[in-house]
>>> print(open('model-v7.pdb').read())   # PDB, C-alpha atoms and all ligand atoms
ATOM      1  CA  MET A   1      -0.777  -4.117 -14.678
ATOM      2  CA  THR A   2      -3.060  -1.428 -13.316
ATOM      3  CA  GLU A   3      -5.705  -3.730 -11.915
ATOM      4  CA  SER A   4      -5.312  -5.184  -8.466
ATOM      5  CA  ARG A   5      -4.502  -8.887  -8.506
ATOM      6  CA  VAL A   6      -3.445  -9.488  -4.927
ATOM      7  CA  VAL A   7      -4.283 -13.041  -3.958
ATOM      8  CA  PRO A   8      -4.601 -13.361  -0.191
ATOM      9  CA  ALA A   9      -2.514 -16.117   1.346
ATOM     10  CA  GLU A  10      -5.628 -17.855   2.627
ATOM     11  CA  VAL A  11      -6.846 -18.291  -0.940
ATOM     12  CA  VAL A  12      -3.586 -19.934  -1.970
ATOM     13  CA  ALA A  13      -3.168 -22.216   1.016
ATOM     14  CA  SER A  14      -5.481 -25.107   1.780
ATOM     15  CA  SER A  15      -5.398 -27.691   4.547
ATOM     16  CA  GLY A  16      -2.022 -29.419   4.765
ATOM     17  CA  GLU A  17      -0.414 -26.886   2.463
ATOM     18  CA  PRO A  18       2.203 -24.382   3.614
ATOM     19  CA  SER A  19       0.716 -20.949   4.189
ATOM     20  CA  ILE A  20       2.275 -17.960   2.522
ATOM     21  CA  ARG A  21       3.238 -14.705   4.200
ATOM     22  CA  VAL A  22       3.082 -11.850   1.737
ATOM     23  CA  LEU A  23       6.340  -9.909   1.696
ATOM     24  CA  PHE A  24       5.611  -7.512  -1.166
ATOM     25  CA  THR A  25       2.183  -7.042  -2.674
ATOM     26  CA  ASN A  26       1.479  -6.704  -6.359
ATOM     27  CA  GLU A  27       0.888  -2.983  -5.837
ATOM     28  CA  GLN A  28       4.186  -2.507  -4.020
ATOM     29  CA  ILE A  29       6.038  -4.386  -6.753
ATOM     30  CA  PHE A  30       4.349  -2.370  -9.482
ATOM     31  CA  ALA A  31       5.302   0.916  -7.831
ATOM     32  CA  ARG A  32       8.892  -0.091  -7.135
ATOM     33  CA  VAL A  33       9.509  -1.577 -10.579
ATOM     34  CA  ARG A  34       8.132   1.606 -12.132
ATOM     35  CA  GLU A  35      10.731   3.623 -10.205
ATOM     36  CA  MET A  36      13.450   1.225 -11.304
ATOM     37  CA  GLY A  37      12.411   1.513 -14.957
ATOM     38  CA  LEU A  38      12.675   5.289 -14.805
ATOM     39  CA  GLU A  39      16.093   4.990 -13.177
ATOM     40  CA  VAL A  40      17.307   2.647 -15.924
ATOM     41  CA  ALA A  41      15.958   5.039 -18.561
ATOM     42  CA  ARG A  42      17.791   7.950 -16.956
ATOM     43  CA  ASP A  43      21.063   6.004 -17.036
ATOM     44  CA  LEU A  44      20.741   4.480 -20.507
ATOM     45  CA  GLY A  45      18.563   6.981 -22.336
ATOM     46  CA  THR A  46      21.443   8.949 -23.817
ATOM     47  CA  TYR A  47      22.874   5.998 -25.737
ATOM     48  CA  THR A  48      21.890   5.648 -29.368
ATOM     49  CA  ARG A  49      21.915   1.853 -29.337
ATOM     50  CA  LYS A  50      18.969   0.073 -27.735
ATOM     51  CA  PRO A  51      19.647  -1.475 -24.331
ATOM     52  CA  LEU A  52      19.447  -5.261 -24.185
ATOM     53  CA  PHE A  53      17.571  -6.636 -21.177
ATOM     54  CA  VAL A  54      18.828 -10.165 -20.492
ATOM     55  CA  GLY A  55      16.481 -12.056 -18.200
ATOM     56  CA  VAL A  56      17.830 -14.884 -16.078
ATOM     57  CA  LEU A  57      15.268 -17.636 -16.522
ATOM     58  CA  LYS A  58      13.153 -18.633 -15.039
ATOM     59  CA  GLY A  59      13.002 -16.610 -11.845
ATOM     60  CA  ALA A  60      13.373 -13.199 -13.508
ATOM     61  CA  CYS A  61      10.610 -13.705 -16.070
ATOM     62  CA  MET A  62       7.978 -11.481 -14.417
ATOM     63  CA  PHE A  63      10.460  -8.856 -13.265
ATOM     64  CA  GLN A  64      12.195  -8.587 -16.627
ATOM     65  CA  CYS A  65       8.940  -8.029 -18.500
ATOM     66  CA  ASP A  66       7.592  -5.551 -15.965
ATOM     67  CA  LEU A  67      10.901  -3.664 -15.848
ATOM     68  CA  ALA A  68      10.910  -3.454 -19.645
ATOM     69  CA  ARG A  69       7.353  -2.097 -19.597
ATOM     70  CA  ALA A  70       8.349   0.421 -16.959
ATOM     71  CA  THR A  71      11.360   1.647 -18.947
ATOM     72  CA  PRO A  72      10.380   4.398 -21.371
ATOM     73  CA  LEU A  73      13.041   3.462 -23.932
ATOM     74  CA  ASP A  74      13.161   1.207 -26.954
ATOM     75  CA  VAL A  75      14.648  -1.924 -25.392
ATOM     76  CA  GLU A  76      15.330  -5.423 -26.674
ATOM     77  CA  LEU A  77      14.767  -8.590 -24.678
ATOM     78  CA  ASP A  78      16.919 -11.670 -24.499
ATOM     79  CA  PHE A  79      17.149 -14.571 -22.113
ATOM     80  CA  ILE A  80      19.735 -16.753 -20.481
ATOM     81  CA  SER A  81      19.008 -19.927 -18.615
ATOM     82  CA  VAL A  82      21.184 -21.427 -15.943
ATOM     83  CA  SER A  83      20.566 -23.934 -13.234
ATOM     84  CA  SER A  84      21.982 -23.867  -9.739
ATOM     85  CA  TYR A  85      19.269 -24.773  -7.240
ATOM     86  CA  GLY A  86      17.509 -27.818  -8.683
ATOM     87  CA  ALA A  87      14.408 -28.657  -6.651
ATOM     88  CA  GLY A  88      15.798 -27.610  -3.287
ATOM     89  CA  THR A  89      15.749 -24.316  -1.415
ATOM     90  CA  THR A  90      19.477 -23.762  -0.939
ATOM     91  CA  SER A  91      22.132 -23.032  -3.531
ATOM     92  CA  SER A  92      24.256 -25.918  -4.736
ATOM     93  CA  GLY A  93      26.974 -23.439  -5.677
ATOM     94  CA  LYS A  94      27.241 -24.955  -9.144
ATOM     95  CA  VAL A  95      25.993 -23.208 -12.255
ATOM     96  CA  GLN A  96      25.267 -24.924 -15.520
ATOM     97  CA  LEU A  97      24.548 -22.898 -18.662
ATOM     98  CA  LEU A  98      21.344 -24.300 -20.137
ATOM     99  CA  THR A  99      20.402 -21.677 -22.734
ATOM    100  CA  ASP A 100      22.590 -18.899 -24.074
ATOM    101  CA  VAL A 101      21.484 -15.450 -25.261
ATOM    102  CA  ARG A 102      20.621 -15.184 -28.959
ATOM    103  CA  ASN A 103      22.060 -11.692 -29.406
ATOM    104  CA  ASP A 104      25.671 -10.775 -29.931
ATOM    105  CA  VAL A 105      26.255  -8.653 -26.830
ATOM    106  CA  ALA A 106      29.468  -7.047 -28.168
ATOM    107  CA  GLY A 107      29.053  -3.276 -28.076
ATOM    108  CA  ARG A 108      25.615  -3.513 -26.438
ATOM    109  CA  HIS A 109      24.404  -1.865 -23.256
ATOM    110  CA  VAL A 110      23.299  -4.925 -21.328
ATOM    111  CA  VAL A 111      21.051  -4.984 -18.272
ATOM    112  CA  VAL A 112      20.974  -8.409 -16.644
ATOM    113  CA  CYS A 113      17.578  -8.853 -14.982
ATOM    114  CA  GLU A 114      17.334 -11.150 -11.944
ATOM    115  CA  GLY A 115      14.464 -12.047  -9.669
ATOM    116  CA  VAL A 116      16.685 -12.542  -6.649
ATOM    117  CA  VAL A 117      20.428 -12.445  -6.038
ATOM    118  CA  ASP A 118      21.254 -14.879  -3.229
ATOM    119  CA  SER A 119      24.782 -16.307  -2.932
ATOM    120  CA  GLY A 120      25.775 -14.473  -6.114
ATOM    121  CA  THR A 121      26.923 -17.703  -7.764
ATOM    122  CA  THR A 122      24.478 -17.536 -10.675
ATOM    123  CA  LEU A 123      25.001 -13.862 -11.378
ATOM    124  CA  SER A 124      28.774 -14.115 -11.107
ATOM    125  CA  ALA A 125      28.842 -16.851 -13.746
ATOM    126  CA  ILE A 126      26.505 -14.931 -16.053
ATOM    127  CA  LEU A 127      28.393 -11.661 -15.692
ATOM    128  CA  GLY A 128      31.695 -13.434 -16.381
ATOM    129  CA  LEU A 129      30.300 -14.976 -19.530
ATOM    130  CA  LEU A 130      28.716 -11.789 -20.868
ATOM    131  CA  LYS A 131      31.686  -9.615 -19.953
ATOM    132  CA  SER A 132      34.001 -11.861 -21.975
ATOM    133  CA  ARG A 133      31.945 -10.958 -25.061
ATOM    134  CA  GLY A 134      32.703  -7.242 -24.890
ATOM    135  CA  PRO A 135      29.473  -5.409 -24.062
ATOM    136  CA  ALA A 136      29.605  -1.595 -24.100
ATOM    137  CA  SER A 137      28.265  -1.675 -20.550
ATOM    138  CA  LEU A 138      26.961  -4.326 -18.191
ATOM    139  CA  ARG A 139      24.480  -3.553 -15.425
ATOM    140  CA  VAL A 140      22.446  -5.659 -13.021
ATOM    141  CA  ALA A 141      18.846  -5.114 -12.002
ATOM    142  CA  THR A 142      17.252  -7.409  -9.455
ATOM    143  CA  LEU A 143      13.905  -7.250  -7.742
ATOM    144  CA  LEU A 144      15.350  -8.685  -4.537
ATOM    145  CA  ASP A 145      18.855  -8.665  -3.133
ATOM    146  CA  LYS A 146      19.550 -11.134  -0.326
ATOM    147  CA  VAL A 147      22.629  -9.289   0.881
ATOM    148  CA  PRO A 148      23.333 -11.461   3.992
ATOM    149  CA  CYS A 149      23.513 -14.593   1.817
ATOM    150  CA  ARG A 150      26.263 -13.369  -0.468
ATOM    151  CA  ARG A 151      29.166 -15.740  -0.980
ATOM    152  CA  VAL A 152      30.445 -14.283  -4.241
ATOM    153  CA  GLN A 153      30.675 -10.509  -4.570
ATOM    154  CA  VAL A 154      28.686  -9.229  -7.530
ATOM    155  CA  PRO A 155      27.719  -5.699  -8.551
ATOM    156  CA  VAL A 156      24.035  -4.816  -8.231
ATOM    157  CA  ASP A 157      23.121  -1.534  -9.916
ATOM    158  CA  TYR A 158      19.369  -1.538  -9.349
ATOM    159  CA  ALA A 159      17.719  -3.416  -6.466
ATOM    160  CA  GLY A 160      14.016  -3.355  -5.714
ATOM    161  CA  TRP A 161      14.491  -4.323  -2.093
ATOM    162  CA  ARG A 162      17.290  -5.666   0.065
ATOM    163  CA  ILE A 163      15.994  -8.538   2.179
ATOM    164  CA  GLY A 164      17.317 -11.127   4.635
ATOM    165  CA  SER A 165      17.870 -14.834   4.159
ATOM    166  CA  GLU A 166      14.213 -15.850   3.780
ATOM    167  CA  PHE A 167      13.403 -18.120   0.846
ATOM    168  CA  VAL A 168      11.079 -16.152  -1.384
ATOM    169  CA  ILE A 169       8.463 -17.381  -3.806
ATOM    170  CA  GLY A 170       6.074 -15.854  -6.286
ATOM    171  CA  TYR A 171       6.404 -13.259  -9.052
ATOM    172  CA  GLY A 172       8.568 -15.701 -11.026
ATOM    173  CA  MET A 173      10.249 -17.453  -8.108
ATOM    174  CA  ASP A 174       9.507 -21.047  -7.216
ATOM    175  CA  VAL A 175       9.917 -24.071  -5.038
ATOM    176  CA  ALA A 176      10.170 -27.104  -7.323
ATOM    177  CA  GLU A 177       8.447 -25.110 -10.118
ATOM    178  CA  ARG A 178       5.499 -24.095  -7.942
ATOM    179  CA  TYR A 179       4.285 -20.595  -7.031
ATOM    180  CA  ARG A 180       5.946 -18.770  -9.941
ATOM    181  CA  ASN A 181       2.665 -17.247 -11.118
ATOM    182  CA  LEU A 182       1.709 -15.672  -7.818
ATOM    183  CA  PRO A 183       1.426 -11.927  -8.436
ATOM    184  CA  PHE A 184       3.111 -11.094  -5.124
ATOM    185  CA  VAL A 185       6.356 -12.095  -3.398
ATOM    186  CA  GLY A 186       5.901 -14.253  -0.338
ATOM    187  CA  VAL A 187       7.585 -16.566   2.129
ATOM    188  CA  LEU A 188       6.416 -20.076   2.904
ATOM    189  CA  GLU A 189       5.428 -20.604   6.495
ATOM    190  CA  GLU A 190       4.134 -23.500   8.602
ATOM    191  CA  GLU A 191       1.527 -25.850   7.182
ATOM    192  CA  ALA A 192      -1.990 -24.480   7.044
ATOM    193  CA  GLY A 193      -4.539 -26.358   9.150
ATOM    194  CA  SER A 194      -1.924 -28.163  11.236
TER     195      SER A 194
HETATM  196  C1  LIG A 201      17.413 -18.724  -8.524
HETATM  197  C2  LIG A 201      17.137 -17.270  -8.796
HETATM  198  C3  LIG A 201      18.478 -16.754  -9.231
HETATM  199  C4  LIG A 201      19.442 -17.625  -8.436
HETATM  200  C5  LIG A 201      20.009 -16.842  -7.280
HETATM  201  O1  LIG A 201      17.411 -19.423  -9.740
HETATM  202  O2  LIG A 201      16.137 -17.109  -9.784
HETATM  203  O3  LIG A 201      18.720 -16.911 -10.607
HETATM  204  O4  LIG A 201      18.701 -18.749  -7.941
HETATM  205  O5  LIG A 201      20.800 -17.664  -6.464
HETATM  206  P1  LIG A 201      22.366 -17.482  -6.290
HETATM  207  O6  LIG A 201      22.640 -16.018  -6.166
HETATM  208  O7  LIG A 201      22.631 -18.243  -5.008
HETATM  209  O8  LIG A 201      23.052 -18.110  -7.452
HETATM  210  P2  LIG A 201      17.287 -21.009  -9.826
HETATM  211  O9  LIG A 201      18.643 -21.590 -10.023
HETATM  212  O10 LIG A 201      16.498 -21.511  -8.661
HETATM  213  O11 LIG A 201      16.501 -21.253 -11.154
HETATM  214  P3  LIG A 201      15.089 -20.645 -11.589
HETATM  215  O12 LIG A 201      15.299 -19.158 -11.739
HETATM  216  O13 LIG A 201      14.792 -21.308 -12.872
HETATM  217  O14 LIG A 201      14.086 -20.971 -10.510
END
>>> encode(input="model-v7.pdb", output="structure tokens")
Amino acid sequence: MTESRVVPAEVVASSGEPSIRVLFTNEQIFARVREMGLEVARDLGTYTRKPLFVGVLKGACMFQCDLARATPLDVELDFISVSSYGAGTTSSGKVQLLTDVRNDVAGRHVVVCEGVVDSGTTLSAILGLLKSRGPASLRVATLLDKVPCRRVQVPVDYAGWRIGSEFVIGYGMDVAERYRNLPFVGVLEEEAGS
């Protein structure tokens, strides 16, 4: 991830399409995630058992992989899939477990990786589930923390940035499955060309 892959908003948007305001560039994300990886390594590096990074699919996919690459420890990856938003841009408040982790988390040092914590509904459900299985420790790392949107209090141990209530896309995050592969985090704005 050393090469620059910033895609300007004007390249992404065409006539009639929403334009995208870049919130965090690929370079900013790379630098911040690197810091977070070192912080995780400082906290978990003394344990003999490998940490287990559990990514919350799909939004955390980019962040989880980049955080793992930025963490100079032998880590294992696992994934959990829940659904709460559907195709809309506001939380339904309901969480359905779609795919469970494959690992037995009992006795493991677990780091739940999220792209964005919004109302806290998703994370609260995931933490409740994992906690009931007896991990040695349970931490949360999220690229973005939408603090003003919180409806359920959840612990966040590592946050890339605290932001407001804007609906973010890119770097794993979507609107109706679009924009996940943008290398930056952005916000949709008014339609281009209108
Ligand atoms: C998004 C995001 C978080 C969750 C945060 O996932 O990736 O997992 O919402 O919202 P909350 O704090 O209000 O629960 P989404 O349900 O949209 O699924 P996705 O990750 O597959 O896009």
>>> residues_around(input="model-v7.pdb", residues="region 61-77 of chain A", least_positions_apart="4", cutoff="7 Å", atoms="all atoms listed in the file", output="list in words")
Val33, Arg34, Gly37, Leu38, Val40, Ala41, Gly45, Lys50, Pro51, Leu52, Phe53, Val54, Gly55, Leu57, Cys113, Gly115, Leu143, Tyr171 and Gly172 of chain A
>>> write_last_selection(input="model-v7.pdb", atoms="C-alpha atoms", output="PDB file, keeping the file's coordinate frame")
ATOM      1  CA  VAL A  33       9.509  -1.577 -10.579  1.00  0.00           C
ATOM      2  CA  ARG A  34       8.132   1.606 -12.132  1.00  0.00           C
ATOM      3  CA  GLY A  37      12.411   1.513 -14.957  1.00  0.00           C
ATOM      4  CA  LEU A  38      12.675   5.289 -14.805  1.00  0.00           C
ATOM      5  CA  VAL A  40      17.307   2.647 -15.924  1.00  0.00           C
ATOM      6  CA  ALA A  41      15.958   5.039 -18.561  1.00  0.00           C
ATOM      7  CA  GLY A  45      18.563   6.981 -22.336  1.00  0.00           C
ATOM      8  CA  LYS A  50      18.969   0.073 -27.735  1.00  0.00           C
ATOM      9  CA  PRO A  51      19.647  -1.475 -24.331  1.00  0.00           C
ATOM     10  CA  LEU A  52      19.447  -5.261 -24.185  1.00  0.00           C
ATOM     11  CA  PHE A  53      17.571  -6.636 -21.177  1.00  0.00           C
ATOM     12  CA  VAL A  54      18.828 -10.165 -20.492  1.00  0.00           C
ATOM     13  CA  GLY A  55      16.481 -12.056 -18.200  1.00  0.00           C
ATOM     14  CA  LEU A  57      15.268 -17.636 -16.522  1.00  0.00           C
ATOM     15  CA  CYS A 113      17.578  -8.853 -14.982  1.00  0.00           C
ATOM     16  CA  GLY A 115      14.464 -12.047  -9.669  1.00  0.00           C
ATOM     17  CA  LEU A 143      13.905  -7.250  -7.742  1.00  0.00           C
ATOM     18  CA  TYR A 171       6.404 -13.259  -9.052  1.00  0.00           C
ATOM     19  CA  GLY A 172       8.568 -15.701 -11.026  1.00  0.00           C
TER      20      GLY A 172
END
>>> closest_residue(input="model-v7.pdb", among="A:Leu97, A:Ala31, A:Ala60, A:Ala136", to="ligand LIG 201 (chain A)", atoms="only C-alpha atoms and all ligand atoms")
A:Ala60
>>> resolve_selection(input="model-v7.pdb", expression="the PyMOL selection byres (((chain A and resi 110) around 12) and not hetatm)", output="PyMOL selection string")
chain A and resi 40+43-44+47+49-55+75-79+101+103-109+111-113+126-127+130-131+133-141+157
>>> write_last_selection(input="model-v7.pdb", atoms="C-alpha atoms", output="compact mmCIF listing (two decimals), in the coordinates of the input")
# COMPACT_ATOMS: atom_id res chain seq x y z
CA VAL A 40 17.31 2.65 -15.92
CA ASP A 43 21.06 6.00 -17.04
CA LEU A 44 20.74 4.48 -20.51
CA TYR A 47 22.87 6.00 -25.74
CA ARG A 49 21.92 1.85 -29.34
CA LYS A 50 18.97 0.07 -27.74
CA PRO A 51 19.65 -1.48 -24.33
CA LEU A 52 19.45 -5.26 -24.18
CA PHE A 53 17.57 -6.64 -21.18
CA VAL A 54 18.83 -10.16 -20.49
CA GLY A 55 16.48 -12.06 -18.20
CA VAL A 75 14.65 -1.92 -25.39
CA GLU A 76 15.33 -5.42 -26.67
CA LEU A 77 14.77 -8.59 -24.68
CA ASP A 78 16.92 -11.67 -24.50
CA PHE A 79 17.15 -14.57 -22.11
CA VAL A 101 21.48 -15.45 -25.26
CA ASN A 103 22.06 -11.69 -29.41
CA ASP A 104 25.67 -10.78 -29.93
CA VAL A 105 26.26 -8.65 -26.83
CA ALA A 106 29.47 -7.05 -28.17
CA GLY A 107 29.05 -3.28 -28.08
CA ARG A 108 25.62 -3.51 -26.44
CA HIS A 109 24.40 -1.86 -23.26
CA VAL A 111 21.05 -4.98 -18.27
CA VAL A 112 20.97 -8.41 -16.64
CA CYS A 113 17.58 -8.85 -14.98
CA ILE A 126 26.50 -14.93 -16.05
CA LEU A 127 28.39 -11.66 -15.69
CA LEU A 130 28.72 -11.79 -20.87
CA LYS A 131 31.69 -9.62 -19.95
CA ARG A 133 31.94 -10.96 -25.06
CA GLY A 134 32.70 -7.24 -24.89
CA PRO A 135 29.47 -5.41 -24.06
CA ALA A 136 29.60 -1.60 -24.10
CA SER A 137 28.26 -1.68 -20.55
CA LEU A 138 26.96 -4.33 -18.19
CA ARG A 139 24.48 -3.55 -15.42
CA VAL A 140 22.45 -5.66 -13.02
CA ALA A 141 18.85 -5.11 -12.00
CA ASP A 157 23.12 -1.53 -9.92
>>> residues_near_point(input="model-v7.pdb", point="(18.1, -18.4, -16.8)", cutoff="6 Å", atoms="all atoms listed in the file", output="PyMOL selection string")
chain A and resi 56-58+80-82
>>> axis_aligned_box(input="model-v7.pdb", around="ligand LIG 201 (chain A)", padding_each_side="8 Å", output="lines of an AutoDock Vina configuration file")
center_x = 18.6
center_y = -18.8
center_z = -8.9
size_x = 25.0
size_y = 21.6
size_z = 23.9
>>> closest_residue(input="model-v7.pdb", among="A:Thr142, A:Thr122, A:Gln28, A:Ser165", to="ligand LIG 201 (chain A)", atoms="only C-alpha atoms and all ligand atoms")
A:Thr122
>>> closest_atom_pairs(input="model-v7.pdb", of="chain A", to="ligand LIG 201 (chain A)", cutoff="6 Å", atoms="all atoms listed in the file", output="tab-separated table")
residue	atom	partner	partner_atom	distance
A:Val56	CA	A:LIG201	O3	5.9
A:Leu57	CA	A:LIG201	O12	5.0
A:Lys58	CA	A:LIG201	O13	3.8
A:Gly59	CA	A:LIG201	O12	3.4
A:Ser83	CA	A:LIG201	O9	4.4
A:Ser84	CA	A:LIG201	O9	4.1
A:Tyr85	CA	A:LIG201	O9	4.3
A:Ser91	CA	A:LIG201	O7	5.0
A:Gly115	CA	A:LIG201	O2	5.3
A:Val116	CA	A:LIG201	C2	5.2
A:Val117	CA	A:LIG201	O6	4.2
A:Asp118	CA	A:LIG201	O6	3.4
A:Ser119	CA	A:LIG201	O7	3.6
A:Gly120	CA	A:LIG201	O6	3.5
A:Thr121	CA	A:LIG201	O8	3.9
A:Thr122	CA	A:LIG201	O8	3.6
A:Met173	CA	A:LIG201	O14	5.7
A:Asp174	CA	A:LIG201	O14	5.6
>>> write_last_selection(input="model-v7.pdb", atoms="C-alpha atoms", output="PDB file, in the frame of the given file")
ATOM      1  CA  VAL A  56      17.830 -14.884 -16.078  1.00  0.00           C
ATOM      2  CA  LEU A  57      15.268 -17.636 -16.522  1.00  0.00           C
ATOM      3  CA  LYS A  58      13.153 -18.633 -15.039  1.00  0.00           C
ATOM      4  CA  GLY A  59      13.002 -16.610 -11.845  1.00  0.00           C
ATOM      5  CA  SER A  83      20.566 -23.934 -13.234  1.00  0.00           C
ATOM      6  CA  SER A  84      21.982 -23.867  -9.739  1.00  0.00           C
ATOM      7  CA  TYR A  85      19.269 -24.773  -7.240  1.00  0.00           C
ATOM      8  CA  SER A  91      22.132 -23.032  -3.531  1.00  0.00           C
ATOM      9  CA  GLY A 115      14.464 -12.047  -9.669  1.00  0.00           C
ATOM     10  CA  VAL A 116      16.685 -12.542  -6.649  1.00  0.00           C
ATOM     11  CA  VAL A 117      20.428 -12.445  -6.038  1.00  0.00           C
ATOM     12  CA  ASP A 118      21.254 -14.879  -3.229  1.00  0.00           C
ATOM     13  CA  SER A 119      24.782 -16.307  -2.932  1.00  0.00           C
ATOM     14  CA  GLY A 120      25.775 -14.473  -6.114  1.00  0.00           C
ATOM     15  CA  THR A 121      26.923 -17.703  -7.764  1.00  0.00           C
ATOM     16  CA  THR A 122      24.478 -17.536 -10.675  1.00  0.00           C
ATOM     17  CA  MET A 173      10.249 -17.453  -8.108  1.00  0.00           C
ATOM     18  CA  ASP A 174       9.507 -21.047  -7.216  1.00  0.00           C
TER      19      ASP A 174
END
>>> atom_distance(input="model-v7.pdb", atom1="CA of Phe24 (chain A)", atom2="CA of Gly186 (chain A)")
6.8 Å
>>> atom_distance(input="model-v7.pdb", atom1="CA of Val22 (chain A)", atom2="CA of Arg162 (chain A)")
15.6 Å
>>> atom_distance(input="model-v7.pdb", atom1="CA of Leu144 (chain A)", atom2="CA of Val175 (chain A)")
16.3 Å
